[in-house]
$ cat data26.cif   # mmCIF, C-alpha atoms
data_start
#
loop_
_atom_site.label_atom_id
_atom_site.label_comp_id
_atom_site.auth_asym_id
_atom_site.auth_seq_id
_atom_site.Cartn_x
_atom_site.Cartn_y
_atom_site.Cartn_z
CA MET A 28 -38.61 23.10 -26.69
CA THR A 29 -41.41 25.60 -26.34
CA GLY A 30 -44.83 24.78 -25.03
CA ASP A 31 -46.87 26.12 -27.98
CA THR A 32 -45.71 23.59 -30.54
CA THR A 33 -48.12 20.90 -31.57
CA ASP A 34 -47.67 17.29 -30.66
CA GLY A 35 -46.61 16.31 -34.15
CA GLN A 36 -43.98 19.02 -34.30
CA THR A 37 -42.68 18.03 -30.88
CA GLU A 38 -42.20 14.45 -31.94
CA SER A 39 -40.43 15.32 -35.15
CA ALA A 40 -38.26 17.86 -33.32
CA THR A 41 -37.28 15.22 -30.82
CA ASP A 42 -36.24 12.82 -33.53
CA SER A 43 -33.96 15.32 -35.24
CA ASP A 44 -32.73 17.24 -32.19
CA PRO A 45 -28.96 17.60 -32.76
CA GLY A 46 -28.26 18.19 -29.05
CA ASP A 47 -29.60 14.80 -28.12
CA VAL A 48 -27.52 12.57 -30.34
CA ALA A 49 -26.70 9.31 -28.63
CA THR A 50 -22.94 9.14 -29.10
CA ASP A 51 -22.73 5.95 -27.10
CA GLY A 52 -25.03 3.96 -29.34
CA GLY A 53 -28.17 4.79 -27.40
CA ASP A 54 -30.69 2.11 -26.56
CA GLU A 55 -30.72 0.43 -29.91
CA ALA A 56 -28.05 -2.03 -30.94
CA ALA A 57 -25.31 -0.13 -32.74
CA ALA A 58 -24.08 -1.69 -35.95
CA ASP A 59 -20.66 -0.06 -35.58
CA GLY A 60 -20.15 -0.78 -31.90
CA ALA A 61 -17.83 -3.64 -32.82
CA GLY A 62 -19.16 -5.72 -30.00
CA ILE A 63 -17.97 -3.53 -27.11
CA VAL A 64 -20.16 -4.43 -24.18
CA PRO A 65 -19.81 -3.51 -20.52
CA PRO A 66 -18.21 -6.37 -18.58
CA ASP A 67 -21.21 -6.87 -16.33
CA GLY A 68 -24.46 -5.31 -15.16
CA GLU A 69 -22.83 -3.17 -12.50
CA THR A 70 -20.76 -1.11 -14.91
CA PRO A 71 -22.39 2.27 -15.60
CA THR A 72 -23.38 2.88 -19.20
CA TRP A 73 -21.88 5.72 -21.16
CA SER A 74 -25.13 7.66 -20.91
CA GLU A 75 -24.97 7.40 -17.13
CA ARG A 76 -21.39 8.58 -17.12
CA LYS A 77 -22.21 11.46 -19.43
CA GLN A 78 -24.86 12.74 -17.02
CA ARG A 79 -22.17 13.58 -14.51
CA SER A 80 -21.47 17.08 -15.68
CA GLN A 81 -18.83 18.55 -13.39
CA GLY A 82 -15.42 18.22 -11.86
CA LEU A 83 -13.46 15.02 -11.72
CA SER A 84 -16.31 12.81 -12.85
CA ARG A 85 -16.69 14.93 -15.97
CA LEU A 86 -12.96 14.76 -16.64
CA THR A 87 -13.00 11.00 -16.10
CA TYR A 88 -15.91 10.69 -18.49
CA GLU A 89 -14.16 12.68 -21.18
CA TYR A 90 -10.96 10.72 -20.76
CA PHE A 91 -12.68 7.36 -21.02
CA GLU A 92 -14.98 8.50 -23.79
CA ARG A 93 -12.02 9.71 -25.84
CA SER A 94 -10.19 6.48 -25.21
CA ARG A 95 -13.27 4.44 -26.08
CA ARG A 96 -13.71 6.42 -29.25
CA GLU A 97 -10.12 5.82 -30.31
CA ASP A 98 -10.50 2.17 -29.49
CA GLN A 99 -13.63 1.99 -31.62
CA ASP A 100 -11.95 3.78 -34.54
CA LEU A 101 -9.05 1.36 -34.38
CA ARG A 102 -11.39 -1.60 -34.46
CA GLN A 103 -13.25 -0.23 -37.45
CA GLN A 104 -10.17 0.73 -39.44
CA SER A 105 -8.15 -2.42 -39.08
CA SER A 106 -8.58 -6.15 -39.17
CA TYR A 107 -8.49 -5.98 -35.39
CA VAL A 108 -9.20 -9.32 -33.75
CA GLU A 109 -11.93 -8.99 -31.13
CA ARG A 110 -10.73 -9.87 -27.67
CA ASP A 111 -12.22 -9.77 -24.21
CA VAL A 112 -9.58 -7.29 -23.08
CA LEU A 113 -10.09 -3.54 -23.06
CA ALA A 114 -6.92 -1.56 -22.52
CA PHE A 115 -5.26 1.77 -23.20
CA PRO A 116 -2.68 2.35 -25.93
CA THR A 117 0.92 2.61 -24.78
CA TRP A 118 1.31 5.92 -26.60
CA PRO A 119 0.16 8.42 -25.48
CA HIS A 120 -1.96 7.24 -22.55
CA GLU A 121 0.37 4.95 -20.64
CA THR A 122 3.55 6.79 -21.57
CA VAL A 123 2.34 10.22 -20.51
CA ARG A 124 1.02 8.86 -17.24
CA ASN A 125 4.26 7.01 -16.55
CA LEU A 126 6.34 10.09 -17.37
CA ALA A 127 4.27 12.15 -14.95
CA LEU A 128 4.69 9.58 -12.18
CA MET A 129 8.40 9.24 -12.92
CA SER A 130 8.94 13.01 -12.77
CA PHE A 131 7.17 13.14 -9.42
CA PHE A 132 9.27 10.43 -7.83
CA VAL A 133 12.57 11.68 -9.28
CA GLY A 134 11.73 15.17 -7.98
CA MET A 135 10.88 13.73 -4.56
CA ILE A 136 14.18 11.85 -4.40
CA LEU A 137 16.13 14.98 -5.36
CA LEU A 138 14.23 17.06 -2.80
CA LEU A 139 14.76 14.63 0.05
CA SER A 140 18.43 14.02 -0.73
CA ALA A 141 19.00 17.77 -0.76
CA LEU A 142 17.04 18.44 2.44
CA VAL A 143 18.06 15.54 4.67
CA PRO A 144 21.21 13.84 3.35
CA PRO A 145 22.16 10.74 5.34
CA HIS A 146 25.11 10.98 7.68
CA LEU A 147 28.29 9.64 6.08
CA PRO A 148 30.70 8.29 8.69
CA GLY A 149 34.45 8.54 8.31
CA PRO A 150 36.49 5.96 6.41
CA ALA A 151 36.80 2.47 7.87
CA ASP A 152 39.92 1.80 9.95
CA SER A 153 41.27 -1.63 9.06
CA GLY A 154 43.65 -1.50 12.03
CA SER A 155 40.97 -1.68 14.75
CA THR A 156 38.20 -4.23 15.35
CA PRO A 157 34.79 -2.65 15.90
CA ALA A 158 33.02 -3.33 19.19
CA VAL A 159 29.84 -4.66 17.56
CA ILE A 160 30.16 -7.10 14.66
CA LEU A 161 26.95 -7.85 12.78
CA PRO A 162 25.98 -9.03 9.31
CA ASP A 163 23.82 -6.83 7.10
CA TRP A 164 20.35 -6.31 8.56
CA TYR A 165 18.62 -8.62 6.09
CA LEU A 166 20.73 -11.53 7.38
CA TYR A 167 19.93 -10.95 11.07
CA TRP A 168 17.43 -13.82 11.02
CA SER A 169 20.15 -16.26 9.98
CA PHE A 170 22.49 -14.77 12.56
CA GLY A 171 19.78 -15.26 15.19
CA LEU A 172 19.43 -18.93 14.28
CA LEU A 173 23.05 -19.40 15.34
CA LYS A 174 22.02 -18.47 18.90
CA LEU A 175 19.64 -21.39 19.49
CA GLY A 176 22.02 -23.06 21.95
CA PRO A 177 19.36 -23.55 24.68
CA LEU A 178 17.29 -25.62 22.23
CA ASN A 179 20.16 -28.00 21.50
CA PRO A 180 19.20 -31.17 23.45
CA ASP A 181 21.73 -32.96 25.59
CA LEU A 182 21.43 -36.71 25.84
CA SER A 183 21.64 -38.56 29.16
CA LEU A 184 23.02 -41.47 27.14
CA LEU A 185 26.15 -39.42 26.51
CA GLY A 186 26.31 -38.37 30.14
CA GLY A 187 24.72 -34.97 29.58
CA GLN A 188 26.85 -34.22 26.54
CA LYS A 189 25.38 -32.60 23.46
CA LEU A 190 25.16 -34.60 20.26
CA MET A 191 26.56 -31.76 18.20
CA ALA A 192 28.15 -28.43 18.87
CA ASP A 193 25.86 -25.39 19.23
CA ARG A 194 27.29 -23.85 16.08
CA THR A 195 26.54 -26.99 14.03
CA TYR A 196 23.04 -26.97 15.48
CA GLY A 197 22.62 -23.33 14.44
CA VAL A 198 23.70 -24.06 10.88
CA LEU A 199 21.25 -26.98 10.69
CA ALA A 200 18.48 -24.69 11.96
CA ASN A 201 19.04 -22.58 8.84
CA LEU A 202 18.32 -25.66 6.72
CA VAL A 203 15.09 -26.29 8.65
CA VAL A 204 13.85 -22.72 8.10
CA VAL A 205 14.81 -22.64 4.41
CA GLY A 206 13.22 -26.08 3.97
CA ALA A 207 9.97 -24.91 5.58
CA VAL A 208 9.85 -21.86 3.29
CA ALA A 209 10.48 -24.10 0.28
CA VAL A 210 7.75 -26.59 1.24
CA VAL A 211 4.92 -24.07 1.78
CA PRO A 212 4.23 -23.47 -1.98
CA PHE A 213 3.68 -27.19 -2.42
CA LEU A 214 1.18 -27.34 0.44
CA ASN A 215 -0.81 -24.29 -0.70
CA LYS A 216 -1.03 -23.36 -4.36
CA GLY A 217 -2.19 -19.80 -3.60
CA SER A 218 -5.61 -19.70 -5.21
CA ALA A 219 -6.77 -17.12 -2.64
CA ARG A 220 -6.80 -13.50 -3.77
CA ARG A 221 -7.13 -12.06 -0.29
CA PRO A 222 -6.16 -13.27 3.19
CA VAL A 223 -9.81 -13.59 4.32
CA GLU A 224 -10.37 -16.36 1.82
CA GLN A 225 -7.89 -18.68 3.51
CA PRO A 226 -7.47 -17.54 7.13
CA PHE A 227 -5.32 -20.53 8.09
CA TRP A 228 -2.65 -19.86 5.49
CA ALA A 229 -2.80 -16.16 6.19
CA GLY A 230 -2.13 -17.03 9.84
CA VAL A 231 0.83 -19.17 8.78
CA GLY A 232 2.15 -16.25 6.75
CA VAL A 233 1.80 -13.83 9.66
CA MET A 234 3.60 -16.34 11.85
CA GLY A 235 6.49 -16.50 9.39
CA VAL A 236 6.79 -12.73 9.07
CA VAL A 237 6.70 -12.20 12.84
CA PHE A 238 9.22 -15.01 13.37
CA ALA A 239 11.56 -13.42 10.82
CA PHE A 240 11.37 -10.24 12.91
CA THR A 241 11.69 -11.82 16.38
CA ILE A 242 14.59 -14.07 15.38
CA ALA A 243 16.31 -10.99 13.94
CA VAL A 244 15.83 -9.20 17.28
CA LEU A 245 17.23 -12.27 19.04
CA SER A 246 20.40 -12.02 16.97
CA VAL A 247 21.15 -8.63 18.54
CA LYS A 248 20.02 -9.66 22.03
CA ASN A 249 23.03 -8.02 23.66
CA LEU A 250 21.81 -4.67 22.28
CA VAL A 251 18.21 -5.13 23.44
CA SER A 252 17.44 -3.91 26.94
CA MET A 253 15.44 -6.96 27.96
CA ASP A 254 16.14 -10.16 29.88
CA SER A 255 17.75 -12.46 27.31
CA HIS A 256 15.83 -15.55 28.52
CA LEU A 257 12.54 -13.70 28.18
CA LEU A 258 13.59 -12.48 24.74
CA PHE A 259 14.43 -16.04 23.73
CA ASP A 260 11.00 -17.29 24.80
CA LEU A 261 9.23 -14.36 23.13
CA ALA A 262 11.08 -15.04 19.87
CA PHE A 263 9.13 -18.30 19.58
CA LEU A 264 5.89 -17.46 21.43
CA ALA A 265 5.14 -14.11 19.76
CA PRO A 266 4.89 -15.61 16.22
CA ILE A 267 2.42 -18.23 17.43
CA VAL A 268 0.31 -15.68 19.30
CA CYS A 269 0.29 -13.29 16.31
CA GLY A 270 -0.59 -16.13 13.95
CA ILE A 271 -3.55 -17.19 16.11
CA ILE A 272 -4.76 -13.59 16.39
CA ALA A 273 -4.53 -13.12 12.62
CA TYR A 274 -6.35 -16.39 12.03
CA SER A 275 -9.22 -15.56 14.37
CA VAL A 276 -9.59 -11.99 13.09
CA LEU A 277 -9.67 -13.14 9.46
CA ARG A 278 -12.03 -15.96 10.38
CA ALA A 279 -14.40 -13.41 11.88
CA MET A 280 -14.11 -11.23 8.77
CA ARG A 281 -15.30 -14.02 6.45
CA GLU A 282 -18.92 -13.32 7.37
CA GLY A 283 -19.13 -9.96 5.61
CA TYR A 284 -16.73 -10.76 2.79
CA MET A 285 -18.03 -10.55 -0.76
CA PHE A 286 -16.72 -13.68 -2.41
CA ASP A 287 -18.39 -12.31 -5.54
CA LEU A 288 -15.43 -9.96 -5.93
CA ASN A 289 -13.47 -12.84 -7.36
CA ARG A 290 -16.04 -13.91 -9.95
CA ARG A 291 -14.01 -12.82 -12.93
CA TYR A 292 -10.76 -14.10 -11.49
CA TYR A 293 -12.24 -17.49 -10.67
CA ARG A 294 -13.26 -17.84 -14.30
CA LEU A 295 -9.56 -17.93 -15.13
CA ARG A 296 -8.34 -19.87 -12.09
CA PRO A 297 -11.15 -21.83 -10.47
CA PRO A 298 -10.71 -22.44 -6.73
CA LYS A 299 -10.29 -25.97 -5.49
CA MET B 2 -14.76 4.91 4.89
CA ALA B 3 -12.10 4.67 2.20
CA ASP B 4 -12.66 8.34 1.36
CA GLU B 5 -12.03 9.36 4.96
CA PHE B 6 -8.84 7.34 4.98
CA ALA B 7 -7.61 9.00 1.79
CA LYS B 8 -8.37 12.46 3.16
CA GLY B 9 -6.50 11.77 6.40
CA LEU B 10 -3.56 10.29 4.52
CA GLY B 11 -3.46 13.23 2.13
CA ILE B 12 -3.34 15.70 5.01
CA LEU B 13 -0.70 13.67 6.82
CA VAL B 14 1.72 13.35 3.90
CA THR B 15 1.20 16.85 2.44
CA ALA B 16 1.49 18.72 5.73
CA GLY B 17 4.26 16.35 6.78
CA LEU B 18 6.25 17.16 3.65
CA GLY B 19 5.81 20.88 4.34
CA TRP B 20 6.99 20.38 7.92
CA LEU B 21 9.94 18.34 6.66
CA MET B 22 11.04 21.05 4.25
CA ILE B 23 10.92 23.82 6.86
CA ALA B 24 12.51 21.70 9.57
CA ALA B 25 15.29 20.64 7.22
CA THR B 26 15.96 24.29 6.42
CA TYR B 27 15.78 25.83 9.89
CA ASN B 28 16.20 22.98 12.39
CA THR B 29 19.13 21.08 10.87
CA PRO B 30 22.32 22.93 11.81
CA THR B 31 24.52 19.97 10.87
CA PHE B 32 24.08 16.74 8.95
CA GLU B 33 26.26 14.83 11.42
CA GLY B 34 24.09 15.30 14.48
CA ARG B 35 20.47 15.85 15.31
CA GLN B 36 18.50 16.48 12.12
CA LEU B 37 15.02 18.04 11.84
CA ALA B 38 14.51 18.16 15.61
CA ALA B 39 17.22 20.62 16.68
CA PRO B 40 15.98 23.65 18.65
CA ASN B 41 14.68 26.62 16.69
CA PRO B 42 17.26 29.26 15.72
CA ASP B 43 17.23 32.54 17.62
CA PRO B 44 14.29 34.55 16.24
CA GLU B 45 16.42 37.75 16.46
CA THR B 46 18.70 36.43 13.73
CA LEU B 47 15.85 35.46 11.40
CA ASN B 48 14.29 37.76 8.84
CA LEU B 49 10.53 38.04 8.40
CA TYR B 50 10.33 35.02 6.10
CA GLY B 51 12.23 32.93 8.60
CA GLN B 52 9.89 33.88 11.42
CA ILE B 53 6.87 33.08 9.25
CA ALA B 54 8.43 29.72 8.35
CA ILE B 55 9.07 28.82 12.00
CA THR B 56 5.45 29.57 12.86
CA LEU B 57 4.22 27.68 9.81
CA LYS B 58 6.34 24.69 10.82
CA ASP B 59 4.45 24.22 14.08
CA LEU B 60 1.14 24.80 12.34
CA LEU B 61 1.91 22.16 9.71
CA PHE B 62 3.12 19.69 12.33
CA TRP B 63 -0.08 19.87 14.36
CA PHE B 64 -2.23 20.04 11.23
CA ALA B 65 -0.68 16.79 10.01
CA ILE B 66 -1.34 14.99 13.29
CA LEU B 67 -4.73 16.46 14.19
CA GLY B 68 -5.99 16.34 10.59
CA ALA B 69 -5.16 12.67 10.21
CA LEU B 70 -6.64 11.87 13.63
CA THR B 71 -9.80 13.79 12.75
CA PHE B 72 -10.46 11.81 9.60
CA TRP B 73 -9.28 8.44 10.92
CA VAL B 74 -10.67 8.52 14.44
CA VAL B 75 -13.01 11.38 15.25
CA ILE B 76 -15.27 11.39 12.18
CA PRO B 77 -15.63 7.57 12.01
CA ALA B 78 -16.38 7.54 15.74
CA ILE B 79 -19.07 10.19 15.31
CA GLU B 80 -20.60 8.23 12.45
CA GLN B 81 -20.55 5.01 14.45
CA ALA B 82 -22.19 6.77 17.38
CA ARG B 83 -24.83 8.26 15.10
CA LYS B 84 -25.53 4.88 13.54
CA ALA B 85 -25.75 3.19 16.93
CA ARG B 86 -28.12 5.89 18.13
CA SER B 87 -30.47 5.59 15.17
CA GLU B 88 -30.79 1.83 15.57
#

$ encode --input "data26.cif" --output "structure tokens"
Amino acid sequence: MTGDTTDGQTESATDSDPGDVATDGGDEAAADGAGIVPPDGETPTWSERKQRSQGLSRLTYEYFERSRREDQDLRQQSSYVERDVLAFPTWPHETVRNLALMSFFVGMILLLSALVPPHLPGPADSGSTPAVILPDWYLYWSFGLLKLGPLNPDLSLLGGQKLMADRTYGVLANLVVVGAVAVVPFLNKGSARRPVEQPFWAGVGVMGVVFAFTIAVLSVKNLVSMDSHLLFDLAFLAPIVCGIIAYSVLRAMREGYMFDLNRRYYRLRPPK
Amino acid sequence: MADEFAKGLGILVTAGLGWLMIAATYNTPTFEGRQLAAPNPDPETLNLYGQIAITLKDLLFWFAILGALTFWVVIPAIEQARKARSE
């Protein structure tokens, strides 16, 4: 726009300027917008996104604008039922993205298996008993529960005898642990989205995870270079200490936490 | 803060992958013993590319560690200090 045009010409030129077409509906209500509104006031408008003119933000803008445009065309062409959900079509958007991710991970697996193949030991010898006999690693916790002999109380009534054998006691301990895991979902329905929202239950969770680890270490106590009595005590004290630390840290984090983050989620599942 | 974390992580995994590839090629004489950390082969037996790769391996290793530490520890510490000073 040159400076020597008159005011009237400037105004008319502005109205018909082809470079300034508001593709996003502009300020006025668009009749063909099919009711697409930003989810809340914090979402940038399409004009704001369009002003970012370089690099990744530009690419992001073009990608979303294209997708929005296709979405709008679909809504106009069909008897599309208006919903509160904006999403991307499976083809091509999701499929191309998933293929790219899949190629990356398959290539990474091939690369690693070619570079550092795991050591394959010789065939098992059924004629000799191995020195160390252990279950698979994910069952170490259960194996550790069989070693709770020191916790098995002896009754003076029976003259210092134990009520049940240590191995029976260990099997019953499995029932206690499985029962505790089964009861937790009934005590807490899980309406928290993040640990800060319910520090107590987050602390309970940390306690459980740490106990699963320490009891697994206890199951291989003859392989751990530590006093076995100390290891036994640590197996039960460390979970409690870690749970208390997690609880107090999360409790302290509540002060700066934006509970607003959950506004949309709480609309679907209101907290108690 | 999240940006700094992503930068440090990117340096760590990218340089670490480079180190892994070179170490798996030059420092893994057998798959049934010490992998990746075996001593370097004799530089006399290597061609020019091999010598470059051995040098690059050390560079990548320290770049992975120092780069991640820079973005996770040093830069946040400087920013904290600057913020504390301006208050």

$ closest_residue --input "data26.cif" --among "B:Arg83, B:Lys58, B:Arg35, B:Lys8" --to "chain A" --atoms "only C-alpha atoms"
B:Arg35

$ closest_residue --input "data26.cif" --among "B:Gly68, B:Pro42, B:Gly51, B:Gly19" --to "chain A" --atoms "only C-alpha atoms"
B:Gly19

$ closest_atom_pairs --input "data26.cif" --of "chain A" --to "chain B" --cutoff "9 Å" --atoms "only C-alpha atoms" --output "CSV"
residue,atom,partner,partner_atom,distance
A:Leu138,CA,B:Met22,CA,8.7
A:Leu139,CA,B:Met22,CA,8.5
A:Leu142,CA,B:Ala25,CA,5.5
A:Val143,CA,B:Ala25,CA,6.3
A:Pro144,CA,B:Phe32,CA,6.9
A:Pro145,CA,B:Phe32,CA,7.3
A:His146,CA,B:Glu33,CA,5.5
A:Leu147,CA,B:Glu33,CA,7.7
A:Pro148,CA,B:Glu33,CA,8.4

$ write_last_selection --input "data26.cif" --atoms "C-alpha atoms" --output "CSV table (one decimal), keeping the file's coordinate frame"
chain,number,residue,atom,x,y,z
A,138,LEU,CA,14.2,17.1,-2.8
A,139,LEU,CA,14.8,14.6,0.0
A,142,LEU,CA,17.0,18.4,2.4
A,143,VAL,CA,18.1,15.5,4.7
A,144,PRO,CA,21.2,13.8,3.4
A,145,PRO,CA,22.2,10.7,5.3
A,146,HIS,CA,25.1,11.0,7.7
A,147,LEU,CA,28.3,9.6,6.1
A,148,PRO,CA,30.7,8.3,8.7

$ resolve_selection --input "data26.cif" --expression "the PyMOL selection byres ((chain A and resi 172) around 12)" --output "PyMOL selection string"
chain A and resi 166-171+173-179+193-205+238-247+259+262-263

$ residues_around --input "data26.cif" --residues "range 114-130 of chain A" --least-positions-apart "6" --cutoff "10 Å" --atoms "all atoms listed in the file" --output "PyMOL selection string"
chain A and resi 90-91+94-95+97-98+136

$ resolve_selection --input "data26.cif" --expression "the PyMOL selection byres ((chain A and resi 230) around 12)" --output "ChimeraX atom specification"
/A:222-229,231-237,266-278

$ atom_distance --input "data26.cif" --atom1 "CA of Ala3 in chain B" --atom2 "CA of Glu80 in chain B"
13.8 Å

$ residues_around --input "data26.cif" --residues "Ala69 in chain B" --least-positions-apart "5" --cutoff "7 Å" --atoms "only C-alpha atoms" --output "ChimeraX atom specification"
/B:9-10,12-13

$ atom_distance --input "data26.cif" --atom1 "CA of Ala54 in chain B" --atom2 "CA of Pro40 in chain B"
14.1 Å

$ residues_around --input "data26.cif" --residues "range 61-64 of chain B" --least-positions-apart "5" --cutoff "7 Å" --atoms "all atoms listed in the file" --output "MDAnalysis selection string"
chainID B and resid 16:17 19:20

$ atom_distance --input "data26.cif" --atom1 "CA of Met253 in chain A" --atom2 "CA of Ala207 in chain A"
29.2 Å

$ decode --input "data26.cif" --residues "range 161-188 of chain A" --atoms "N, CA and C atoms" --output "PDB file, in the first residue's frame"
ATOM      1  N   LEU A 161      17.036 -70.777  41.062  1.00  0.00           N
ATOM      2  CA  LEU A 161      16.159 -69.623  41.296  1.00  0.00           C
ATOM      3  C   LEU A 161      14.999 -69.674  40.319  1.00  0.00           C
ATOM      4  N   PRO A 162      13.853 -69.119  40.720  1.00  0.00           N
ATOM      5  CA  PRO A 162      12.765 -68.975  39.740  1.00  0.00           C
ATOM      6  C   PRO A 162      13.102 -67.856  38.761  1.00  0.00           C
ATOM      7  N   ASP A 163      12.225 -67.602  37.809  1.00  0.00           N
ATOM      8  CA  ASP A 163      12.424 -66.460  36.920  1.00  0.00           C
ATOM      9  C   ASP A 163      12.387 -65.172  37.734  1.00  0.00           C
ATOM     10  N   TRP A 164      13.034 -64.128  37.223  1.00  0.00           N
ATOM     11  CA  TRP A 164      13.259 -62.932  38.041  1.00  0.00           C
ATOM     12  C   TRP A 164      11.950 -62.298  38.503  1.00  0.00           C
ATOM     13  N   TYR A 165      10.882 -62.420  37.680  1.00  0.00           N
ATOM     14  CA  TYR A 165       9.644 -61.747  38.075  1.00  0.00           C
ATOM     15  C   TYR A 165       8.909 -62.501  39.177  1.00  0.00           C
ATOM     16  N   LEU A 166       9.441 -63.651  39.605  1.00  0.00           N
ATOM     17  CA  LEU A 166       8.846 -64.369  40.731  1.00  0.00           C
ATOM     18  C   LEU A 166       9.724 -64.306  41.967  1.00  0.00           C
ATOM     19  N   TYR A 167      10.807 -63.495  41.921  1.00  0.00           N
ATOM     20  CA  TYR A 167      11.702 -63.396  43.077  1.00  0.00           C
ATOM     21  C   TYR A 167      10.951 -62.948  44.323  1.00  0.00           C
ATOM     22  N   TRP A 168       9.985 -62.029  44.158  1.00  0.00           N
ATOM     23  CA  TRP A 168       9.264 -61.520  45.333  1.00  0.00           C
ATOM     24  C   TRP A 168       8.567 -62.660  46.066  1.00  0.00           C
ATOM     25  N   SER A 169       7.951 -63.567  45.296  1.00  0.00           N
ATOM     26  CA  SER A 169       7.257 -64.693  45.912  1.00  0.00           C
ATOM     27  C   SER A 169       8.261 -65.643  46.566  1.00  0.00           C
ATOM     28  N   PHE A 170       9.406 -65.802  45.904  1.00  0.00           N
ATOM     29  CA  PHE A 170      10.469 -66.635  46.451  1.00  0.00           C
ATOM     30  C   PHE A 170      10.997 -66.042  47.751  1.00  0.00           C
ATOM     31  N   GLY A 171      11.079 -64.698  47.793  1.00  0.00           N
ATOM     32  CA  GLY A 171      11.537 -64.033  49.004  1.00  0.00           C
ATOM     33  C   GLY A 171      10.570 -64.216  50.151  1.00  0.00           C
ATOM     34  N   LEU A 172       9.262 -64.273  49.852  1.00  0.00           N
ATOM     35  CA  LEU A 172       8.273 -64.437  50.916  1.00  0.00           C
ATOM     36  C   LEU A 172       8.406 -65.799  51.589  1.00  0.00           C
ATOM     37  N   LEU A 173       9.046 -66.750  50.927  1.00  0.00           N
ATOM     38  CA  LEU A 173       9.253 -68.061  51.546  1.00  0.00           C
ATOM     39  C   LEU A 173      10.362 -68.005  52.596  1.00  0.00           C
ATOM     40  N   LYS A 174      11.088 -66.893  52.666  1.00  0.00           N
ATOM     41  CA  LYS A 174      12.229 -66.795  53.591  1.00  0.00           C
ATOM     42  C   LYS A 174      11.900 -65.896  54.773  1.00  0.00           C
ATOM     43  N   LEU A 175      10.636 -65.888  55.194  1.00  0.00           N
ATOM     44  CA  LEU A 175      10.228 -65.034  56.312  1.00  0.00           C
ATOM     45  C   LEU A 175      10.266 -65.794  57.625  1.00  0.00           C
ATOM     46  N   GLY A 176      11.060 -66.848  57.706  1.00  0.00           N
ATOM     47  CA  GLY A 176      11.144 -67.648  58.921  1.00  0.00           C
ATOM     48  C   GLY A 176      11.251 -66.849  60.210  1.00  0.00           C
ATOM     49  N   PRO A 177      12.144 -65.851  60.307  1.00  0.00           N
ATOM     50  CA  PRO A 177      12.284 -65.083  61.550  1.00  0.00           C
ATOM     51  C   PRO A 177      11.001 -64.386  61.983  1.00  0.00           C
ATOM     52  N   LEU A 178      10.046 -64.179  61.075  1.00  0.00           N
ATOM     53  CA  LEU A 178       8.806 -63.519  61.469  1.00  0.00           C
ATOM     54  C   LEU A 178       7.764 -64.516  61.967  1.00  0.00           C
ATOM     55  N   ASN A 179       8.038 -65.792  61.806  1.00  0.00           N
ATOM     56  CA  ASN A 179       7.084 -66.818  62.221  1.00  0.00           C
ATOM     57  C   ASN A 179       7.110 -66.913  63.747  1.00  0.00           C
ATOM     58  N   PRO A 180       6.016 -66.536  64.434  1.00  0.00           N
ATOM     59  CA  PRO A 180       6.076 -66.480  65.912  1.00  0.00           C
ATOM     60  C   PRO A 180       6.058 -67.872  66.522  1.00  0.00           C
ATOM     61  N   ASP A 181       6.827 -68.013  67.592  1.00  0.00           N
ATOM     62  CA  ASP A 181       6.711 -69.271  68.357  1.00  0.00           C
ATOM     63  C   ASP A 181       5.930 -68.995  69.640  1.00  0.00           C
ATOM     64  N   LEU A 182       5.119 -69.922  70.030  1.00  0.00           N
ATOM     65  CA  LEU A 182       4.213 -69.719  71.153  1.00  0.00           C
ATOM     66  C   LEU A 182       4.789 -70.393  72.400  1.00  0.00           C
ATOM     67  N   SER A 183       4.792 -69.635  73.511  1.00  0.00           N
ATOM     68  CA  SER A 183       5.268 -70.236  74.771  1.00  0.00           C
ATOM     69  C   SER A 183       4.305 -71.318  75.238  1.00  0.00           C
ATOM     70  N   LEU A 184       3.045 -71.202  74.795  1.00  0.00           N
ATOM     71  CA  LEU A 184       2.048 -72.205  75.147  1.00  0.00           C
ATOM     72  C   LEU A 184       2.471 -73.583  74.662  1.00  0.00           C
ATOM     73  N   LEU A 185       3.102 -73.595  73.477  1.00  0.00           N
ATOM     74  CA  LEU A 185       3.524 -74.871  72.900  1.00  0.00           C
ATOM     75  C   LEU A 185       4.951 -75.196  73.293  1.00  0.00           C
ATOM     76  N   GLY A 186       5.450 -74.474  74.317  1.00  0.00           N
ATOM     77  CA  GLY A 186       6.816 -74.745  74.763  1.00  0.00           C
ATOM     78  C   GLY A 186       7.838 -74.276  73.746  1.00  0.00           C
ATOM     79  N   GLY A 187       7.600 -73.092  73.165  1.00  0.00           N
ATOM     80  CA  GLY A 187       8.561 -72.524  72.221  1.00  0.00           C
ATOM     81  C   GLY A 187       8.459 -73.122  70.838  1.00  0.00           C
ATOM     82  N   GLN A 188       7.450 -73.957  70.607  1.00  0.00           N
ATOM     83  CA  GLN A 188       7.301 -74.518  69.263  1.00  0.00           C
ATOM     84  C   GLN A 188       6.545 -73.549  68.362  1.00  0.00           C
TER      85      GLN A 188
END
